[in-house]
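Novice: I'd like to ask you about the structure that follows.
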Amino acid sequence: MTPPTETTSPLPPAPASQEPPPIWFLAPEGFFALPLAATPEERAELSHSFVRELYSRGDENIWEPAAPYYAAMAEMMAGTGVSYSAVGLFSTADENGAQADGTQDGEVVRHEGADGVAQCALTVAAVPTDQDDADTDVVAQGILAILSGDEYNDARWLDLPCGPAVSCVTLREYRIKPELTETGEQVDLLTGQIQVHVPFPTGPFTAVFTLHTASMDYWTEFCDLMAAVLQTVSFTDPAEVAEGAEGAEGEQKQSQA
């Protein structure tokens, strides 16, 4: 979500003659989803609840001017294929007993921003690609071949629970001009990006998950976080899967009885 990162596919896009099929995934605690919606009215309504969640310790003096800004940002993403965009804010405070997911004894641990915050942006986009429904392996192999051709890319094949995927890690350094820094001196800013391409088995699209951060001291933690999100990706409604599993378990118990 921080401004949205680019989510471009290395494959030539096919004409978007249809809406992408549904995709499901879980974003952990700490992500605040931008108010993406189809109409200005919906974006305005969602932006008000978004700023109250993002700035939970603020008040109307912060919320009122911030809401239109995020509504406008969501409008800029309309038609780009981005279906999810979120700001990730994670405390860097050393809390005794806190777990890696930011909880302690089952409760979410809250910290002051002054104690330190690591930030990232996460976007998910559906890119139309010219493929047959069953050709996810072929699409993934093509993505891997193209990305591997750039010596600055760390491209790797992934076997996810939902099917084949390709990850690409890139690091970039930006020079920030002295007039834009607090110290008045030039600053070199290192950023990292993890982009994962997951071909849809249900239609001619590829899902592109992009995590971008400048909090490189916590790069390992963000890599682990991205891996956890990818393990939850599904092209089948998890609720239907759970219902099917419960039904199968009930039939098995009846047959055993």
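Quick note on naming: the chains in the structure tokens go A, B, ... in the order shown, residues restart at 1 in each chain, and ligands are numbered from 1 in order of appearance.
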Residues near Pro35 (chain A), anyone? I mean within 12 Å using only C-alpha atoms, not counting same-chain ones fewer than 5 positions away, as JSON, numbers by chain.
Specialist: {"A": [1, 40, 41, 42, 43, 44, 45, 46, 47, 48, 49, 50, 51, 53, 54, 67, 68, 69, 70, 71, 72, 73, 74, 75, 76, 77, 78, 82, 83, 84, 85, 86, 87]}
Novice: Could you list, as a PyMOL selection string, every residue within 7 Å of Ala207 (chain A), counting only C-alpha atoms and ignoring same-chain residues fewer than 4 positions away?
Specialist: chain A and resi 124-127+197-200
Novice: Those selected residues, please, written with N, CA, C and O atoms and delivered as a PDB file, in the first residue's frame.
Specialist:
ATOM      1  N   VAL A 124      -1.502  -6.027  -4.649  1.00  0.00           N
ATOM      2  CA  VAL A 124      -1.851  -7.229  -5.404  1.00  0.00           C
ATOM      3  C   VAL A 124      -2.587  -6.774  -6.647  1.00  0.00           C
ATOM      4  O   VAL A 124      -3.549  -6.004  -6.559  1.00  0.00           O
ATOM      5  N   ALA A 125      -2.112  -7.230  -7.799  1.00  0.00           N
ATOM      6  CA  ALA A 125      -2.733  -6.865  -9.067  1.00  0.00           C
ATOM      7  C   ALA A 125      -2.967  -8.114  -9.899  1.00  0.00           C
ATOM      8  O   ALA A 125      -2.228  -9.103  -9.790  1.00  0.00           O
ATOM      9  N   ALA A 126      -3.998  -8.085 -10.724  1.00  0.00           N
ATOM     10  CA  ALA A 126      -4.281  -9.171 -11.660  1.00  0.00           C
ATOM     11  C   ALA A 126      -3.939  -8.684 -13.061  1.00  0.00           C
ATOM     12  O   ALA A 126      -4.571  -7.764 -13.576  1.00  0.00           O
ATOM     13  N   VAL A 127      -2.918  -9.294 -13.663  1.00  0.00           N
ATOM     14  CA  VAL A 127      -2.449  -8.882 -14.984  1.00  0.00           C
ATOM     15  C   VAL A 127      -2.948  -9.884 -16.022  1.00  0.00           C
ATOM     16  O   VAL A 127      -2.699 -11.092 -15.889  1.00  0.00           O
ATOM     17  N   HIS A 197       4.931 -13.593  -8.958  1.00  0.00           N
ATOM     18  CA  HIS A 197       3.954 -13.794 -10.024  1.00  0.00           C
ATOM     19  C   HIS A 197       3.311 -15.165  -9.850  1.00  0.00           C
ATOM     20  O   HIS A 197       4.011 -16.189  -9.859  1.00  0.00           O
ATOM     21  N   VAL A 198       1.984 -15.179  -9.710  1.00  0.00           N
ATOM     22  CA  VAL A 198       1.251 -16.424  -9.497  1.00  0.00           C
ATOM     23  C   VAL A 198       0.200 -16.571 -10.594  1.00  0.00           C
ATOM     24  O   VAL A 198      -0.831 -15.889 -10.573  1.00  0.00           O
ATOM     25  N   PRO A 199       0.418 -17.448 -11.597  1.00  0.00           N
ATOM     26  CA  PRO A 199      -0.572 -17.620 -12.663  1.00  0.00           C
ATOM     27  C   PRO A 199      -1.899 -18.163 -12.122  1.00  0.00           C
ATOM     28  O   PRO A 199      -1.914 -19.070 -11.292  1.00  0.00           O
ATOM     29  N   PHE A 200      -2.994 -17.589 -12.596  1.00  0.00           N
ATOM     30  CA  PHE A 200      -4.323 -18.084 -12.229  1.00  0.00           C
ATOM     31  C   PHE A 200      -4.571 -19.433 -12.924  1.00  0.00           C
ATOM     32  O   PHE A 200      -4.397 -19.529 -14.142  1.00  0.00           O
TER      33      PHE A 200
END
Novice: Just the number, please: distance in Å from CA of Arg172 (chain A) to CA of Thr191 (chain A), one decimal.
Specialist: 5.3 Å
Novice: Would you please extract all helix (DSSP H, G or I) residues from region 124-222 of chain A, as assigned by DSSP on the backbone, and give them as JSON, numbers by chain?
Specialist: {"A": [136, 137, 138, 139, 140, 141, 142, 143, 144, 145, 146, 147, 148, 178, 179, 180, 216, 217, 218, 219, 220, 221, 222]}
Novice: For the residues in that selection, give me C-alpha atoms as a PDB file, in the first residue's frame.
Specialist:
ATOM      1  CA  THR A 136       0.161 -22.377 -15.202  1.00  0.00           C
ATOM      2  CA  ASP A 137       3.481 -24.262 -15.296  1.00  0.00           C
ATOM      3  CA  VAL A 138       4.219 -22.964 -18.789  1.00  0.00           C
ATOM      4  CA  VAL A 139       3.379 -19.378 -17.815  1.00  0.00           C
ATOM      5  CA  ALA A 140       5.545 -19.591 -14.699  1.00  0.00           C
ATOM      6  CA  GLN A 141       8.434 -21.021 -16.705  1.00  0.00           C
ATOM      7  CA  GLY A 142       8.150 -18.150 -19.177  1.00  0.00           C
ATOM      8  CA  ILE A 143       8.158 -15.563 -16.388  1.00  0.00           C
ATOM      9  CA  LEU A 144      11.190 -17.203 -14.782  1.00  0.00           C
ATOM     10  CA  ALA A 145      13.090 -17.252 -18.086  1.00  0.00           C
ATOM     11  CA  ILE A 146      12.447 -13.555 -18.742  1.00  0.00           C
ATOM     12  CA  LEU A 147      13.237 -12.388 -15.211  1.00  0.00           C
ATOM     13  CA  SER A 148      16.397 -14.497 -15.051  1.00  0.00           C
ATOM     14  CA  PRO A 178      20.255  17.599   0.465  1.00  0.00           C
ATOM     15  CA  GLU A 179      17.348  20.041   0.340  1.00  0.00           C
ATOM     16  CA  LEU A 180      14.950  17.157   0.976  1.00  0.00           C
ATOM     17  CA  MET A 216      16.093  -2.618   5.149  1.00  0.00           C
ATOM     18  CA  ASP A 217      17.214  -3.333   8.717  1.00  0.00           C
ATOM     19  CA  TYR A 218      14.177  -5.601   8.848  1.00  0.00           C
ATOM     20  CA  TRP A 219      14.502  -7.122   5.382  1.00  0.00           C
ATOM     21  CA  THR A 220      14.607 -10.705   6.711  1.00  0.00           C
ATOM     22  CA  GLU A 221      11.407 -10.160   8.679  1.00  0.00           C
ATOM     23  CA  PHE A 222       9.648  -8.726   5.612  1.00  0.00           C
TER      24      PHE A 222
END
Novice: Would you mind reading off the distance between CA of Val196 (chain A) and CA of Tyr174 (chain A), one decimal, in Å?
Specialist: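 Taking CA of Val196 (chain A) as the start and CA of Tyr174 (chain A) as the end point, the length is 22.8 Å.
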Novice: From a DSSP pass on the backbone, collect the residues of region 47-256 of chain A flagged as strand (DSSP E or B) and hand them back as a PyMOL selection string.
Specialist: chain A and resi 82-91+103-104+107-108+117-129+154-160+163-176+187-199+205-213+234
Novice: Could you please take those selected residues and save C-alpha atoms as a PDB file, in the first residue's frame?
Specialist:
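File again.pdb, as written:
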ATOM      1  CA  VAL A  82      -4.554  -3.257  -8.532  1.00  0.00           C
ATOM      2  CA  SER A  83      -7.180  -5.018  -6.428  1.00  0.00           C
ATOM      3  CA  TYR A  84      -5.473  -4.662  -3.041  1.00  0.00           C
ATOM      4  CA  SER A  85      -3.134  -2.019  -1.688  1.00  0.00           C
ATOM      5  CA  ALA A  86      -2.041  -1.681   1.920  1.00  0.00           C
ATOM      6  CA  VAL A  87       0.369   0.154   4.179  1.00  0.00           C
ATOM      7  CA  GLY A  88       2.246  -2.138   6.553  1.00  0.00           C
ATOM      8  CA  LEU A  89       3.296  -0.592   9.875  1.00  0.00           C
ATOM      9  CA  PHE A  90       5.223  -2.727  12.370  1.00  0.00           C
ATOM     10  CA  SER A  91       6.734  -1.671  15.676  1.00  0.00           C
ATOM     11  CA  THR A 103       1.020 -10.628  19.665  1.00  0.00           C
ATOM     12  CA  GLN A 104       1.572 -11.479  23.292  1.00  0.00           C
ATOM     13  CA  GLU A 107      -3.443 -10.212  22.337  1.00  0.00           C
ATOM     14  CA  VAL A 108      -2.151  -7.675  19.788  1.00  0.00           C
ATOM     15  CA  VAL A 117       8.297   1.724  13.096  1.00  0.00           C
ATOM     16  CA  ALA A 118       9.258  -0.437  10.112  1.00  0.00           C
ATOM     17  CA  GLN A 119       7.143   0.275   7.029  1.00  0.00           C
ATOM     18  CA  CYS A 120       6.342  -1.538   3.819  1.00  0.00           C
ATOM     19  CA  ALA A 121       3.831  -1.370   0.985  1.00  0.00           C
ATOM     20  CA  LEU A 122       1.929  -4.393  -0.318  1.00  0.00           C
ATOM     21  CA  THR A 123      -0.049  -4.467  -3.551  1.00  0.00           C
ATOM     22  CA  VAL A 124      -1.851  -7.229  -5.404  1.00  0.00           C
ATOM     23  CA  ALA A 125      -2.733  -6.865  -9.067  1.00  0.00           C
ATOM     24  CA  ALA A 126      -4.281  -9.171 -11.660  1.00  0.00           C
ATOM     25  CA  VAL A 127      -2.449  -8.882 -14.984  1.00  0.00           C
ATOM     26  CA  PRO A 128      -4.149 -10.377 -18.083  1.00  0.00           C
ATOM     27  CA  THR A 129      -1.906 -12.929 -19.820  1.00  0.00           C
ATOM     28  CA  ASP A 154      17.182 -12.703  -8.061  1.00  0.00           C
ATOM     29  CA  ALA A 155      14.463 -14.778  -9.743  1.00  0.00           C
ATOM     30  CA  ARG A 156      13.400 -18.139  -8.318  1.00  0.00           C
ATOM     31  CA  TRP A 157      10.744 -20.791  -8.882  1.00  0.00           C
ATOM     32  CA  LEU A 158       8.245 -21.290  -6.052  1.00  0.00           C
ATOM     33  CA  ASP A 159       5.890 -24.183  -5.375  1.00  0.00           C
ATOM     34  CA  LEU A 160       3.007 -22.671  -3.435  1.00  0.00           C
ATOM     35  CA  GLY A 163       0.293 -23.770  -7.634  1.00  0.00           C
ATOM     36  CA  PRO A 164       3.540 -22.651  -9.339  1.00  0.00           C
ATOM     37  CA  ALA A 165       4.872 -19.118  -8.920  1.00  0.00           C
ATOM     38  CA  VAL A 166       7.991 -17.058  -9.569  1.00  0.00           C
ATOM     39  CA  SER A 167       9.587 -14.654  -7.113  1.00  0.00           C
ATOM     40  CA  CYS A 168      11.867 -11.790  -8.059  1.00  0.00           C
ATOM     41  CA  VAL A 169      13.899  -9.801  -5.526  1.00  0.00           C
ATOM     42  CA  THR A 170      15.482  -6.494  -6.498  1.00  0.00           C
ATOM     43  CA  LEU A 171      17.431  -3.958  -4.455  1.00  0.00           C
ATOM     44  CA  ARG A 172      17.739  -0.331  -5.527  1.00  0.00           C
ATOM     45  CA  GLU A 173      19.584   2.649  -4.111  1.00  0.00           C
ATOM     46  CA  TYR A 174      18.218   6.182  -4.450  1.00  0.00           C
ATOM     47  CA  ARG A 175      20.068   9.429  -3.791  1.00  0.00           C
ATOM     48  CA  ILE A 176      17.987  11.964  -1.914  1.00  0.00           C
ATOM     49  CA  VAL A 187      21.367  10.602   1.729  1.00  0.00           C
ATOM     50  CA  ASP A 188      21.638   7.271  -0.094  1.00  0.00           C
ATOM     51  CA  LEU A 189      18.439   5.290   0.480  1.00  0.00           C
ATOM     52  CA  LEU A 190      18.480   1.530  -0.102  1.00  0.00           C
ATOM     53  CA  THR A 191      15.132  -0.109  -0.868  1.00  0.00           C
ATOM     54  CA  GLY A 192      14.098  -3.700  -1.439  1.00  0.00           C
ATOM     55  CA  GLN A 193      11.259  -5.195  -3.452  1.00  0.00           C
ATOM     56  CA  ILE A 194       9.834  -8.706  -3.516  1.00  0.00           C
ATOM     57  CA  GLN A 195       7.528  -9.391  -6.449  1.00  0.00           C
ATOM     58  CA  VAL A 196       5.824 -12.750  -6.882  1.00  0.00           C
ATOM     59  CA  HIS A 197       3.954 -13.794 -10.024  1.00  0.00           C
ATOM     60  CA  VAL A 198       1.251 -16.424  -9.497  1.00  0.00           C
ATOM     61  CA  PRO A 199      -0.572 -17.620 -12.663  1.00  0.00           C
ATOM     62  CA  PHE A 205      -4.490 -13.805 -15.632  1.00  0.00           C
ATOM     63  CA  THR A 206      -1.406 -13.687 -13.420  1.00  0.00           C
ATOM     64  CA  ALA A 207      -1.582 -12.352  -9.874  1.00  0.00           C
ATOM     65  CA  VAL A 208       1.323 -10.075  -9.001  1.00  0.00           C
ATOM     66  CA  PHE A 209       2.117  -9.632  -5.303  1.00  0.00           C
ATOM     67  CA  THR A 210       4.570  -6.787  -4.630  1.00  0.00           C
ATOM     68  CA  LEU A 211       6.103  -5.890  -1.289  1.00  0.00           C
ATOM     69  CA  HIS A 212       8.333  -2.811  -1.204  1.00  0.00           C
ATOM     70  CA  THR A 213      10.220  -1.373   1.764  1.00  0.00           C
ATOM     71  CA  SER A 234      -6.058 -19.575  -2.924  1.00  0.00           C
TER      72      SER A 234
END
